[in-house]
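K.L.:
My structure file my_file.pdb, PDB, N, CA, C and O atoms, is below:
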```pdb
ATOM      1  N   MET A 110       0.821  -1.192   0.000
ATOM      2  CA  MET A 110       0.000   0.000   0.000
ATOM      3  C   MET A 110       0.866   1.257   0.000
ATOM      4  O   MET A 110       0.594   2.191  -0.740
ATOM      5  N   LEU A 111       1.895   1.280   0.822
ATOM      6  CA  LEU A 111       2.797   2.433   0.879
ATOM      7  C   LEU A 111       3.471   2.665  -0.463
ATOM      8  O   LEU A 111       3.607   3.801  -0.918
ATOM      9  N   ARG A 112       3.848   1.591  -1.118
ATOM     10  CA  ARG A 112       4.467   1.711  -2.445
ATOM     11  C   ARG A 112       3.499   2.360  -3.428
ATOM     12  O   ARG A 112       3.890   3.204  -4.233
ATOM     13  N   HIS A 113       2.227   2.012  -3.337
ATOM     14  CA  HIS A 113       1.224   2.586  -4.237
ATOM     15  C   HIS A 113       1.060   4.092  -4.001
ATOM     16  O   HIS A 113       0.889   4.857  -4.952
ATOM     17  N   VAL A 114       1.119   4.506  -2.753
ATOM     18  CA  VAL A 114       1.027   5.940  -2.450
ATOM     19  C   VAL A 114       2.193   6.679  -3.094
ATOM     20  O   VAL A 114       2.012   7.720  -3.728
ATOM     21  N   TRP A 115       3.398   6.131  -2.960
ATOM     22  CA  TRP A 115       4.571   6.782  -3.557
ATOM     23  C   TRP A 115       4.537   6.721  -5.074
ATOM     24  O   TRP A 115       4.973   7.652  -5.748
ATOM     25  N   GLU A 116       4.036   5.621  -5.644
ATOM     26  CA  GLU A 116       3.909   5.545  -7.105
ATOM     27  C   GLU A 116       2.946   6.613  -7.618
ATOM     28  O   GLU A 116       3.217   7.273  -8.621
ATOM     29  N   PHE A 117       1.831   6.778  -6.928
ATOM     30  CA  PHE A 117       0.869   7.805  -7.306
ATOM     31  C   PHE A 117       1.507   9.189  -7.212
ATOM     32  O   PHE A 117       1.354  10.022  -8.116
ATOM     33  N   ALA A 118       2.214   9.440  -6.131
ATOM     34  CA  ALA A 118       2.848  10.745  -5.943
ATOM     35  C   ALA A 118       3.863  11.031  -7.037
ATOM     36  O   ALA A 118       3.902  12.138  -7.584
ATOM     37  N   ALA A 119       4.683  10.062  -7.368
ATOM     38  CA  ALA A 119       5.694  10.261  -8.412
ATOM     39  C   ALA A 119       5.049  10.498  -9.773
ATOM     40  O   ALA A 119       5.527  11.309 -10.561
ATOM     41  N   ALA A 120       3.942   9.827 -10.035
ATOM     42  CA  ALA A 120       3.264   9.981 -11.325
ATOM     43  C   ALA A 120       2.490  11.291 -11.414
ATOM     44  O   ALA A 120       2.412  11.897 -12.490
ATOM     45  N   GLU A 121       1.933  11.740 -10.319
ATOM     46  CA  GLU A 121       1.053  12.903 -10.340
ATOM     47  C   GLU A 121       1.733  14.224  -9.976
ATOM     48  O   GLU A 121       1.118  15.271 -10.128
ATOM     49  N   SER A 122       2.959  14.181  -9.507
ATOM     50  CA  SER A 122       3.657  15.429  -9.191
ATOM     51  C   SER A 122       3.783  16.261 -10.458
ATOM     52  O   SER A 122       4.200  15.775 -11.508
ATOM     53  N   CYS A 123       3.423  17.543 -10.373
ATOM     54  CA  CYS A 123       3.476  18.399 -11.565
ATOM     55  C   CYS A 123       4.912  18.775 -11.921
ATOM     56  O   CYS A 123       5.178  19.201 -13.040
ATOM     57  N   GLY A 124       5.834  18.654 -10.973
ATOM     58  CA  GLY A 124       7.235  18.953 -11.244
ATOM     59  C   GLY A 124       7.592  20.417 -11.119
ATOM     60  O   GLY A 124       8.716  20.809 -11.428
ATOM     61  N   ALA A 125       6.658  21.261 -10.646
ATOM     62  CA  ALA A 125       6.921  22.696 -10.552
ATOM     63  C   ALA A 125       7.905  23.044  -9.442
ATOM     64  O   ALA A 125       8.610  24.045  -9.544
ATOM     65  N   CYS A 126       7.954  22.243  -8.398
ATOM     66  CA  CYS A 126       8.891  22.552  -7.311
ATOM     67  C   CYS A 126       9.733  21.314  -6.987
ATOM     68  O   CYS A 126       9.283  20.186  -7.087
ATOM     69  N   SER A 127      10.952  21.575  -6.603
ATOM     70  CA  SER A 127      11.897  20.485  -6.314
ATOM     71  C   SER A 127      11.480  19.604  -5.149
ATOM     72  O   SER A 127      11.655  18.387  -5.217
ATOM     73  N   PRO A 128      10.985  20.156  -4.037
ATOM     74  CA  PRO A 128      10.658  19.269  -2.913
ATOM     75  C   PRO A 128       9.689  18.153  -3.285
ATOM     76  O   PRO A 128       9.894  16.999  -2.918
ATOM     77  N   CYS A 129       8.673  18.487  -4.033
ATOM     78  CA  CYS A 129       7.677  17.477  -4.409
ATOM     79  C   CYS A 129       8.199  16.588  -5.537
ATOM     80  O   CYS A 129       8.066  15.365  -5.483
ATOM     81  N   ARG A 130       8.791  17.185  -6.546
ATOM     82  CA  ARG A 130       9.279  16.429  -7.704
ATOM     83  C   ARG A 130      10.343  15.418  -7.278
ATOM     84  O   ARG A 130      10.253  14.231  -7.572
ATOM     85  N   VAL A 131      11.336  15.887  -6.562
ATOM     86  CA  VAL A 131      12.442  15.016  -6.143
ATOM     87  C   VAL A 131      12.002  14.105  -4.997
ATOM     88  O   VAL A 131      12.299  12.909  -4.994
ATOM     89  N   GLY A 132      11.273  14.672  -4.039
ATOM     90  CA  GLY A 132      10.859  13.891  -2.876
ATOM     91  C   GLY A 132       9.963  12.718  -3.231
ATOM     92  O   GLY A 132      10.120  11.623  -2.695
ATOM     93  N   SER A 133       9.029  12.943  -4.148
ATOM     94  CA  SER A 133       8.130  11.846  -4.506
ATOM     95  C   SER A 133       8.886  10.713  -5.199
ATOM     96  O   SER A 133       8.597   9.540  -4.968
ATOM     97  N   ARG A 134       9.842  11.056  -6.001
ATOM     98  CA  ARG A 134      10.632  10.012  -6.680
ATOM     99  C   ARG A 134      11.573   9.302  -5.711
ATOM    100  O   ARG A 134      11.745   8.091  -5.772
ATOM    101  N   ARG A 135      12.164  10.051  -4.808
ATOM    102  CA  ARG A 135      13.050   9.421  -3.814
ATOM    103  C   ARG A 135      12.268   8.561  -2.837
ATOM    104  O   ARG A 135      12.755   7.516  -2.394
ATOM    105  N   GLY A 136      11.078   9.001  -2.470
ATOM    106  CA  GLY A 136      10.235   8.177  -1.600
ATOM    107  C   GLY A 136       9.913   6.848  -2.259
ATOM    108  O   GLY A 136       9.992   5.797  -1.632
ATOM    109  N   LEU A 137       9.588   6.898  -3.543
ATOM    110  CA  LEU A 137       9.297   5.670  -4.287
ATOM    111  C   LEU A 137      10.538   4.792  -4.374
ATOM    112  O   LEU A 137      10.464   3.576  -4.159
ATOM    113  N   GLU A 138      11.681   5.377  -4.679
ATOM    114  CA  GLU A 138      12.926   4.598  -4.749
ATOM    115  C   GLU A 138      13.218   3.917  -3.420
ATOM    116  O   GLU A 138      13.610   2.751  -3.383
ATOM    117  N   ARG A 139      13.024   4.643  -2.325
ATOM    118  CA  ARG A 139      13.312   4.097  -0.992
ATOM    119  C   ARG A 139      12.393   2.920  -0.683
ATOM    120  O   ARG A 139      12.840   1.876  -0.222
ATOM    121  N   VAL A 140      11.112   3.055  -0.970
ATOM    122  CA  VAL A 140      10.163   1.976  -0.690
ATOM    123  C   VAL A 140      10.447   0.767  -1.572
ATOM    124  O   VAL A 140      10.411  -0.369  -1.117
ATOM    125  N   ARG A 141      10.736   1.005  -2.840
ATOM    126  CA  ARG A 141      11.029  -0.109  -3.747
ATOM    127  C   ARG A 141      12.309  -0.842  -3.380
ATOM    128  O   ARG A 141      12.404  -2.049  -3.588
ATOM    129  N   SER A 142      13.290  -0.131  -2.858
ATOM    130  CA  SER A 142      14.584  -0.748  -2.558
ATOM    131  C   SER A 142      14.505  -1.712  -1.382
ATOM    132  O   SER A 142      15.334  -2.606  -1.262
ATOM    133  N   GLY A 143      13.540  -1.494  -0.504
ATOM    134  CA  GLY A 143      13.429  -2.344   0.670
ATOM    135  C   GLY A 143      14.380  -1.963   1.781
ATOM    136  O   GLY A 143      14.396  -2.584   2.827
ATOM    137  N   VAL A 144      15.171  -0.914   1.554
ATOM    138  CA  VAL A 144      16.089  -0.429   2.578
ATOM    139  C   VAL A 144      15.264   0.238   3.672
ATOM    140  O   VAL A 144      14.377   1.040   3.373
ATOM    141  N   PRO A 145      15.537  -0.070   4.921
ATOM    142  CA  PRO A 145      14.764   0.553   5.996
ATOM    143  C   PRO A 145      14.908   2.074   5.960
ATOM    144  O   PRO A 145      15.957   2.592   5.589
ATOM    145  N   PRO A 146      13.839   2.772   6.352
ATOM    146  CA  PRO A 146      13.909   4.232   6.358
ATOM    147  C   PRO A 146      14.912   4.694   7.409
ATOM    148  O   PRO A 146      15.159   4.012   8.386
ATOM    149  N   GLY A 147      15.457   5.843   7.184
ATOM    150  CA  GLY A 147      16.414   6.401   8.132
ATOM    151  C   GLY A 147      16.117   7.869   8.362
ATOM    152  O   GLY A 147      15.043   8.368   8.034
ATOM    153  N   ASP A 148      17.102   8.554   8.909
ATOM    154  CA  ASP A 148      16.941   9.976   9.189
ATOM    155  C   ASP A 148      16.705  10.783   7.926
ATOM    156  O   ASP A 148      15.933  11.740   7.925
ATOM    157  N   ALA A 149      17.373  10.412   6.840
ATOM    158  CA  ALA A 149      17.216  11.146   5.582
ATOM    159  C   ALA A 149      15.780  11.058   5.083
ATOM    160  O   ALA A 149      15.246  12.035   4.537
ATOM    161  N   TYR A 150      15.123   9.942   5.283
ATOM    162  CA  TYR A 150      13.735   9.771   4.875
ATOM    163  C   TYR A 150      12.828  10.707   5.668
ATOM    164  O   TYR A 150      11.961  11.375   5.117
ATOM    165  N   GLY A 151      13.052  10.774   6.964
ATOM    166  CA  GLY A 151      12.278  11.679   7.810
ATOM    167  C   GLY A 151      12.472  13.131   7.421
ATOM    168  O   GLY A 151      11.519  13.914   7.380
ATOM    169  N   ARG A 152      13.714  13.516   7.118
ATOM    170  CA  ARG A 152      13.993  14.882   6.670
ATOM    171  C   ARG A 152      13.309  15.169   5.343
ATOM    172  O   ARG A 152      12.780  16.262   5.132
ATOM    173  N   MET A 153      13.310  14.189   4.449
ATOM    174  CA  MET A 153      12.669  14.367   3.152
ATOM    175  C   MET A 153      11.171  14.649   3.332
ATOM    176  O   MET A 153      10.624  15.558   2.711
ATOM    177  N   LEU A 154      10.506  13.887   4.196
ATOM    178  CA  LEU A 154       9.085  14.120   4.453
ATOM    179  C   LEU A 154       8.865  15.511   5.041
ATOM    180  O   LEU A 154       7.917  16.211   4.658
ATOM    181  N   ARG A 155       9.738  15.917   5.952
ATOM    182  CA  ARG A 155       9.598  17.233   6.568
ATOM    183  C   ARG A 155       9.764  18.349   5.536
ATOM    184  O   ARG A 155       8.969  19.291   5.478
ATOM    185  N   VAL A 156      10.784  18.231   4.680
ATOM    186  CA  VAL A 156      11.015  19.247   3.648
ATOM    187  C   VAL A 156       9.853  19.296   2.671
ATOM    188  O   VAL A 156       9.394  20.376   2.295
ATOM    189  N   MET A 157       9.354  18.142   2.270
ATOM    190  CA  MET A 157       8.198  18.128   1.368
ATOM    191  C   MET A 157       7.021  18.860   1.995
ATOM    192  O   MET A 157       6.356  19.661   1.342
ATOM    193  N   GLY A 158       6.760  18.590   3.253
ATOM    194  CA  GLY A 158       5.629  19.202   3.928
ATOM    195  C   GLY A 158       5.775  20.696   4.136
ATOM    196  O   GLY A 158       4.794  21.429   4.159
ATOM    197  N   GLU A 159       6.999  21.164   4.275
ATOM    198  CA  GLU A 159       7.226  22.580   4.563
ATOM    199  C   GLU A 159       7.541  23.412   3.328
ATOM    200  O   GLU A 159       7.248  24.604   3.307
ATOM    201  N   ALA A 160       8.162  22.826   2.306
ATOM    202  CA  ALA A 160       8.680  23.631   1.206
ATOM    203  C   ALA A 160       7.981  23.436  -0.131
ATOM    204  O   ALA A 160       8.243  24.188  -1.065
ATOM    205  N   SER A 161       7.106  22.455  -0.244
ATOM    206  CA  SER A 161       6.406  22.266  -1.516
ATOM    207  C   SER A 161       5.501  23.464  -1.786
ATOM    208  O   SER A 161       4.930  24.052  -0.869
ATOM    209  N   LEU A 162       5.377  23.814  -3.038
ATOM    210  CA  LEU A 162       4.574  24.979  -3.424
ATOM    211  C   LEU A 162       3.078  24.699  -3.414
ATOM    212  O   LEU A 162       2.278  25.597  -3.201
ATOM    213  N   CYS A 163       2.691  23.469  -3.673
ATOM    214  CA  CYS A 163       1.263  23.159  -3.780
ATOM    215  C   CYS A 163       0.807  22.286  -2.609
ATOM    216  O   CYS A 163       1.611  21.713  -1.884
ATOM    217  N   ALA A 164      -0.495  22.181  -2.489
ATOM    218  CA  ALA A 164      -1.073  21.361  -1.425
ATOM    219  C   ALA A 164      -0.746  19.882  -1.616
ATOM    220  O   ALA A 164      -0.615  19.145  -0.638
ATOM    221  N   PHE A 165      -0.609  19.446  -2.862
ATOM    222  CA  PHE A 165      -0.297  18.033  -3.117
ATOM    223  C   PHE A 165       1.008  17.652  -2.416
ATOM    224  O   PHE A 165       1.061  16.681  -1.668
ATOM    225  N   GLY A 166       2.048  18.411  -2.650
ATOM    226  CA  GLY A 166       3.345  18.116  -2.042
ATOM    227  C   GLY A 166       3.360  18.337  -0.544
ATOM    228  O   GLY A 166       4.008  17.600   0.194
ATOM    229  N   ARG A 167       2.646  19.357  -0.079
ATOM    230  CA  ARG A 167       2.615  19.637   1.359
ATOM    231  C   ARG A 167       1.829  18.592   2.131
ATOM    232  O   ARG A 167       2.125  18.332   3.295
ATOM    233  N   ARG A 168       0.827  17.992   1.504
ATOM    234  CA  ARG A 168      -0.031  17.036   2.207
ATOM    235  C   ARG A 168       0.407  15.583   2.059
ATOM    236  O   ARG A 168      -0.046  14.724   2.813
ATOM    237  N   LEU A 169       1.257  15.293   1.105
ATOM    238  CA  LEU A 169       1.702  13.912   0.905
ATOM    239  C   LEU A 169       2.329  13.310   2.163
ATOM    240  O   LEU A 169       2.006  12.166   2.516
ATOM    241  N   PRO A 170       3.193  14.032   2.887
ATOM    242  CA  PRO A 170       3.731  13.441   4.116
ATOM    243  C   PRO A 170       2.647  13.064   5.128
ATOM    244  O   PRO A 170       2.773  12.067   5.833
ATOM    245  N   TYR A 171       1.564  13.840   5.181
ATOM    246  CA  TYR A 171       0.463  13.495   6.085
ATOM    247  C   TYR A 171      -0.200  12.188   5.654
ATOM    248  O   TYR A 171      -0.577  11.370   6.496
ATOM    249  N   ALA A 172      -0.345  11.991   4.362
ATOM    250  CA  ALA A 172      -0.933  10.746   3.859
ATOM    251  C   ALA A 172      -0.048   9.552   4.211
ATOM    252  O   ALA A 172      -0.535   8.502   4.634
ATOM    253  N   VAL A 173       1.260   9.727   4.041
ATOM    254  CA  VAL A 173       2.205   8.648   4.361
ATOM    255  C   VAL A 173       2.162   8.343   5.850
ATOM    256  O   VAL A 173       2.070   7.181   6.256
ATOM    257  N   ARG A 174       2.194   9.376   6.669
ATOM    258  CA  ARG A 174       2.171   9.166   8.118
ATOM    259  C   ARG A 174       0.852   8.546   8.575
ATOM    260  O   ARG A 174       0.832   7.714   9.480
ATOM    261  N   GLY A 175      -0.254   8.938   7.950
ATOM    262  CA  GLY A 175      -1.553   8.350   8.281
ATOM    263  C   GLY A 175      -1.599   6.866   7.948
ATOM    264  O   GLY A 175      -2.132   6.067   8.711
ATOM    265  N   LEU A 176      -1.035   6.506   6.824
ATOM    266  CA  LEU A 176      -0.978   5.100   6.427
ATOM    267  C   LEU A 176      -0.125   4.302   7.410
ATOM    268  O   LEU A 176      -0.488   3.193   7.809
ATOM    269  N   VAL A 177       0.976   4.890   7.822
ATOM    270  CA  VAL A 177       1.857   4.220   8.784
ATOM    271  C   VAL A 177       1.136   4.032  10.120
ATOM    272  O   VAL A 177       1.240   2.976  10.742
ATOM    273  N   ARG A 178       0.391   5.045  10.543
ATOM    274  CA  ARG A 178      -0.383   4.902  11.785
ATOM    275  C   ARG A 178      -1.426   3.797  11.649
ATOM    276  O   ARG A 178      -1.640   3.011  12.572
ATOM    277  N   ALA A 179      -2.082   3.719  10.512
ATOM    278  CA  ALA A 179      -3.131   2.723  10.310
ATOM    279  C   ALA A 179      -2.582   1.301  10.293
ATOM    280  O   ALA A 179      -3.234   0.386  10.784
ATOM    281  N   TYR A 180      -1.403   1.121   9.736
ATOM    282  CA  TYR A 180      -0.832  -0.225   9.618
ATOM    283  C   TYR A 180       0.159  -0.545  10.718
ATOM    284  O   TYR A 180       0.690  -1.652  10.771
ATOM    285  N   GLY A 181       0.433   0.396  11.569
ATOM    286  CA  GLY A 181       1.215   0.176  12.779
ATOM    287  C   GLY A 181       2.560  -0.488  12.572
ATOM    288  O   GLY A 181       3.388  -0.030  11.787
ATOM    289  N   GLU A 182       2.738  -1.569  13.263
ATOM    290  CA  GLU A 182       4.043  -2.241  13.329
ATOM    291  C   GLU A 182       4.575  -2.689  11.978
ATOM    292  O   GLU A 182       5.772  -2.715  11.754
ATOM    293  N   ARG A 183       3.682  -3.031  11.062
ATOM    294  CA  ARG A 183       4.139  -3.506   9.737
ATOM    295  C   ARG A 183       4.878  -2.429   8.960
ATOM    296  O   ARG A 183       5.704  -2.741   8.109
ATOM    297  N   LEU A 184       4.583  -1.159   9.262
ATOM    298  CA  LEU A 184       5.249  -0.047   8.560
ATOM    299  C   LEU A 184       6.053   0.831   9.527
ATOM    300  O   LEU A 184       6.332   1.977   9.217
ATOM    301  N   ARG A 185       6.423   0.275  10.641
ATOM    302  CA  ARG A 185       7.155   1.056  11.643
ATOM    303  C   ARG A 185       8.377   1.732  11.033
ATOM    304  O   ARG A 185       9.142   1.121  10.313
ATOM    305  N   GLY A 186       8.531   3.001  11.300
ATOM    306  CA  GLY A 186       9.671   3.755  10.821
ATOM    307  C   GLY A 186       9.426   4.510   9.526
ATOM    308  O   GLY A 186      10.111   5.469   9.218
ATOM    309  N   TRP A 187       8.425   4.100   8.756
ATOM    310  CA  TRP A 187       8.184   4.722   7.452
ATOM    311  C   TRP A 187       7.437   6.036   7.531
ATOM    312  O   TRP A 187       7.254   6.711   6.541
ATOM    313  N   GLY A 188       6.994   6.433   8.712
ATOM    314  CA  GLY A 188       6.279   7.686   8.869
ATOM    315  C   GLY A 188       7.179   8.875   9.078
ATOM    316  O   GLY A 188       6.728  10.001   9.168
ATOM    317  N   GLY A 189       8.474   8.638   9.137
ATOM    318  CA  GLY A 189       9.413   9.745   9.299
ATOM    319  C   GLY A 189       9.491  10.109  10.702
ATOM    320  O   GLY A 189       9.644  10.936  11.360
TER     321      GLY A 189
END
```
In C-alpha coordinates, write the structure found in this file.

P.N.:
Amino acid sequence: MLRHVWEFAAAESCGACSPCRVGSRRGLERVRSGVPPGDAYGRMLRVMGEASLCAFGRRLPYAVRGLVRAYGERLRGWGG
(Lines of atoms letter the chains of each structure in order from A and count residues from 1; the text may use other names and numbers.)
(Lines give C-alpha, C1' and ligand atoms only; values in the text may rest on other atoms or scores of the structure.)
Protein backbone atom coordinates (compact mmCIF):
# COMPACT_ATOMS: atom_id res chain seq x y z
CA MET A 1 0.00 0.00 0.00
CA LEU A 2 2.80 2.43 0.88
CA ARG A 3 4.47 1.71 -2.45
CA HIS A 4 1.22 2.59 -4.24
CA VAL A 5 1.03 5.94 -2.45
CA TRP A 6 4.57 6.78 -3.56
CA GLU A 7 3.91 5.54 -7.10
CA PHE A 8 0.87 7.80 -7.31
CA ALA A 9 2.85 10.74 -5.94
CA ALA A 10 5.69 10.26 -8.41
CA ALA A 11 3.26 9.98 -11.32
CA GLU A 12 1.05 12.90 -10.34
CA SER A 13 3.66 15.43 -9.19
CA CYS A 14 3.48 18.40 -11.57
CA GLY A 15 7.23 18.95 -11.24
CA ALA A 16 6.92 22.70 -10.55
CA CYS A 17 8.89 22.55 -7.31
CA SER A 18 11.90 20.49 -6.31
CA PRO A 19 10.66 19.27 -2.91
CA CYS A 20 7.68 17.48 -4.41
CA ARG A 21 9.28 16.43 -7.70
CA VAL A 22 12.44 15.02 -6.14
CA GLY A 23 10.86 13.89 -2.88
CA SER A 24 8.13 11.85 -4.51
CA ARG A 25 10.63 10.01 -6.68
CA ARG A 26 13.05 9.42 -3.81
CA GLY A 27 10.24 8.18 -1.60
CA LEU A 28 9.30 5.67 -4.29
CA GLU A 29 12.93 4.60 -4.75
CA ARG A 30 13.31 4.10 -0.99
CA VAL A 31 10.16 1.98 -0.69
CA ARG A 32 11.03 -0.11 -3.75
CA SER A 33 14.58 -0.75 -2.56
CA GLY A 34 13.43 -2.34 0.67
CA VAL A 35 16.09 -0.43 2.58
CA PRO A 36 14.76 0.55 6.00
CA PRO A 37 13.91 4.23 6.36
CA GLY A 38 16.41 6.40 8.13
CA ASP A 39 16.94 9.98 9.19
CA ALA A 40 17.22 11.15 5.58
CA TYR A 41 13.73 9.77 4.87
CA GLY A 42 12.28 11.68 7.81
CA ARG A 43 13.99 14.88 6.67
CA MET A 44 12.67 14.37 3.15
CA LEU A 45 9.08 14.12 4.45
CA ARG A 46 9.60 17.23 6.57
CA VAL A 47 11.02 19.25 3.65
CA MET A 48 8.20 18.13 1.37
CA GLY A 49 5.63 19.20 3.93
CA GLU A 50 7.23 22.58 4.56
CA ALA A 51 8.68 23.63 1.21
CA SER A 52 6.41 22.27 -1.52
CA LEU A 53 4.57 24.98 -3.42
CA CYS A 54 1.26 23.16 -3.78
CA ALA A 55 -1.07 21.36 -1.42
CA PHE A 56 -0.30 18.03 -3.12
CA GLY A 57 3.34 18.12 -2.04
CA ARG A 58 2.61 19.64 1.36
CA ARG A 59 -0.03 17.04 2.21
CA LEU A 60 1.70 13.91 0.90
CA PRO A 61 3.73 13.44 4.12
CA TYR A 62 0.46 13.50 6.08
CA ALA A 63 -0.93 10.75 3.86
CA VAL A 64 2.21 8.65 4.36
CA ARG A 65 2.17 9.17 8.12
CA GLY A 66 -1.55 8.35 8.28
CA LEU A 67 -0.98 5.10 6.43
CA VAL A 68 1.86 4.22 8.78
CA ARG A 69 -0.38 4.90 11.79
CA ALA A 70 -3.13 2.72 10.31
CA TYR A 71 -0.83 -0.23 9.62
CA GLY A 72 1.22 0.18 12.78
CA GLU A 73 4.04 -2.24 13.33
CA ARG A 74 4.14 -3.51 9.74
CA LEU A 75 5.25 -0.05 8.56
CA ARG A 76 7.15 1.06 11.64
CA GLY A 77 9.67 3.76 10.82
CA TRP A 78 8.18 4.72 7.45
CA GLY A 79 6.28 7.69 8.87
CA GLY A 80 9.41 9.74 9.30

K.L.:
Have a look at A:Arg167, A:Leu184, A:Trp115, A:Val173 and name the one nearest to Arg155 of chain A; count all atoms listed in the file.

P.N.:
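That would be A:Arg167, the residue with the smallest distance to Arg155 of chain A.
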
K.L.:
With all atoms listed in the file as the counted atoms, please give the residues lying no more than 6 Å from Pro170 of chain A, apart from itself and same-chain residues fewer than 5 positions off, as a PyMOL selection string.

P.N.:
chain A and resi 154+158+165+175+188

K.L.:
Between atom CA of Arg130 of chain A and atom N of Gly181 of chain A, what is the distance, to one decimal in Å?

P.N.:
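A separation of 26.6 Å between them.
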
K.L.:
Of the residues A:Ser161, A:Gly136, A:Gly186, A:Cys129, which is the one nearest to Arg174 of chain A, using only C-alpha atoms?

P.N.:
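When distances to Arg174 of chain A are compared using only C-alpha atoms, the smallest one comes from A:Gly186.
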
K.L.:
To test your reading of the syntax: which residues would the PyMOL selection byres ((chain A and resi 119-128) around 7) return for the file shown? Reply as a ChimeraX atom specification.

P.N.:
/A:113-118,129-134,137,153,156-157,160-162,166

K.L.:
Provide the atom CA of Arg178 of chain A to atom CA of Leu111 of chain A distance in Å, to one decimal place.

P.N.:
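Atom CA of Leu111 of chain A lies 11.6 Å from atom CA of Arg178 of chain A.
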
K.L.:
So how many Å separate atom CA of Pro146 of chain A and atom C of Arg185 of chain A, to one decimal?

P.N.:
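These two atoms are separated by 7.7 Å.
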
K.L.:
Box time for segment 138-152 of chain A: axis-aligned, enclosing all its listed atoms, 4 Å extra on each side; report centre and edge lengths in Å to one decimal, as AutoDock Vina command-line options.

P.N.:
```
--center_x 13.8 --center_y 6.8 --center_z 2.2 --size_x 15.2 --size_y 26.9 --size_z 21.9
```

K.L.:
Enumerate, as a VMD selection string, the complete set of residues in chain A that a backbone-based DSSP assignment places in helix (DSSP H, G or I).

P.N.:
chain A and resid 111 to 121 127 to 142 148 to 160 164 to 184

K.L.:
For segment 179-188 of chain A, supply all heavy atoms and report the output as a tab-separated table (two decimals), in the frame of the given file.

P.N.:
```
chain	number	residue	atom	x	y	z
A	179	ALA	N	-2.08	3.72	10.51
A	179	ALA	CA	-3.13	2.72	10.31
A	179	ALA	C	-2.58	1.30	10.29
A	179	ALA	O	-3.23	0.39	10.78
A	179	ALA	CB	-3.88	3.00	9.00
A	180	TYR	N	-1.40	1.12	9.74
A	180	TYR	CA	-0.83	-0.22	9.62
A	180	TYR	C	0.16	-0.55	10.72
A	180	TYR	O	0.69	-1.65	10.77
A	180	TYR	CB	-0.21	-0.42	8.24
A	180	TYR	CG	-1.26	-0.66	7.19
A	180	TYR	CD1	-1.85	0.39	6.51
A	180	TYR	CD2	-1.69	-1.95	6.91
A	180	TYR	CE1	-2.84	0.17	5.57
A	180	TYR	CE2	-2.68	-2.18	5.97
A	180	TYR	CZ	-3.25	-1.11	5.30
A	180	TYR	OH	-4.24	-1.33	4.38
A	181	GLY	N	0.43	0.40	11.57
A	181	GLY	CA	1.22	0.18	12.78
A	181	GLY	C	2.56	-0.49	12.57
A	181	GLY	O	3.39	-0.03	11.79
A	182	GLU	N	2.74	-1.57	13.26
A	182	GLU	CA	4.04	-2.24	13.33
A	182	GLU	C	4.58	-2.69	11.98
A	182	GLU	O	5.77	-2.72	11.75
A	182	GLU	CB	3.94	-3.43	14.29
A	182	GLU	CG	5.27	-4.01	14.72
A	182	GLU	CD	6.15	-3.00	15.46
A	182	GLU	OE1	5.63	-2.14	16.17
A	182	GLU	OE2	7.38	-3.13	15.32
A	183	ARG	N	3.68	-3.03	11.06
A	183	ARG	CA	4.14	-3.51	9.74
A	183	ARG	C	4.88	-2.43	8.96
A	183	ARG	O	5.70	-2.74	8.11
A	183	ARG	CB	2.96	-4.02	8.92
A	183	ARG	CG	2.39	-5.28	9.54
A	183	ARG	CD	1.35	-5.98	8.75
A	183	ARG	NE	0.62	-5.23	7.76
A	183	ARG	CZ	-0.53	-5.62	7.26
A	183	ARG	NH1	-1.07	-6.74	7.67
A	183	ARG	NH2	-1.15	-4.91	6.35
A	184	LEU	N	4.58	-1.16	9.26
A	184	LEU	CA	5.25	-0.05	8.56
A	184	LEU	C	6.05	0.83	9.53
A	184	LEU	O	6.33	1.98	9.22
A	184	LEU	CB	4.21	0.81	7.83
A	184	LEU	CG	3.49	0.15	6.68
A	184	LEU	CD1	2.44	1.09	6.10
A	184	LEU	CD2	4.47	-0.28	5.60
A	185	ARG	N	6.42	0.28	10.64
A	185	ARG	CA	7.16	1.06	11.64
A	185	ARG	C	8.38	1.73	11.03
A	185	ARG	O	9.14	1.12	10.31
A	185	ARG	CB	7.59	0.14	12.79
A	185	ARG	CG	8.01	0.93	14.02
A	185	ARG	CD	8.36	0.03	15.15
A	185	ARG	NE	9.82	0.06	15.22
A	185	ARG	CZ	10.60	-0.94	15.47
A	185	ARG	NH1	10.10	-2.11	15.70
A	185	ARG	NH2	11.89	-0.80	15.50
A	186	GLY	N	8.53	3.00	11.30
A	186	GLY	CA	9.67	3.76	10.82
A	186	GLY	C	9.43	4.51	9.53
A	186	GLY	O	10.11	5.47	9.22
A	187	TRP	N	8.43	4.10	8.76
A	187	TRP	CA	8.18	4.72	7.45
A	187	TRP	C	7.44	6.04	7.53
A	187	TRP	O	7.25	6.71	6.54
A	187	TRP	CB	7.45	3.76	6.52
A	187	TRP	CG	8.35	2.69	6.03
A	187	TRP	CD1	8.45	1.42	6.53
A	187	TRP	CD2	9.31	2.77	4.99
A	187	TRP	NE1	9.41	0.72	5.86
A	187	TRP	CE2	9.96	1.53	4.89
A	187	TRP	CE3	9.70	3.79	4.12
A	187	TRP	CZ2	10.96	1.27	3.97
A	187	TRP	CZ3	10.69	3.53	3.19
A	187	TRP	CH2	11.31	2.29	3.13
A	188	GLY	N	6.99	6.43	8.71
A	188	GLY	CA	6.28	7.69	8.87
A	188	GLY	C	7.18	8.88	9.08
A	188	GLY	O	6.73	10.00	9.17
```
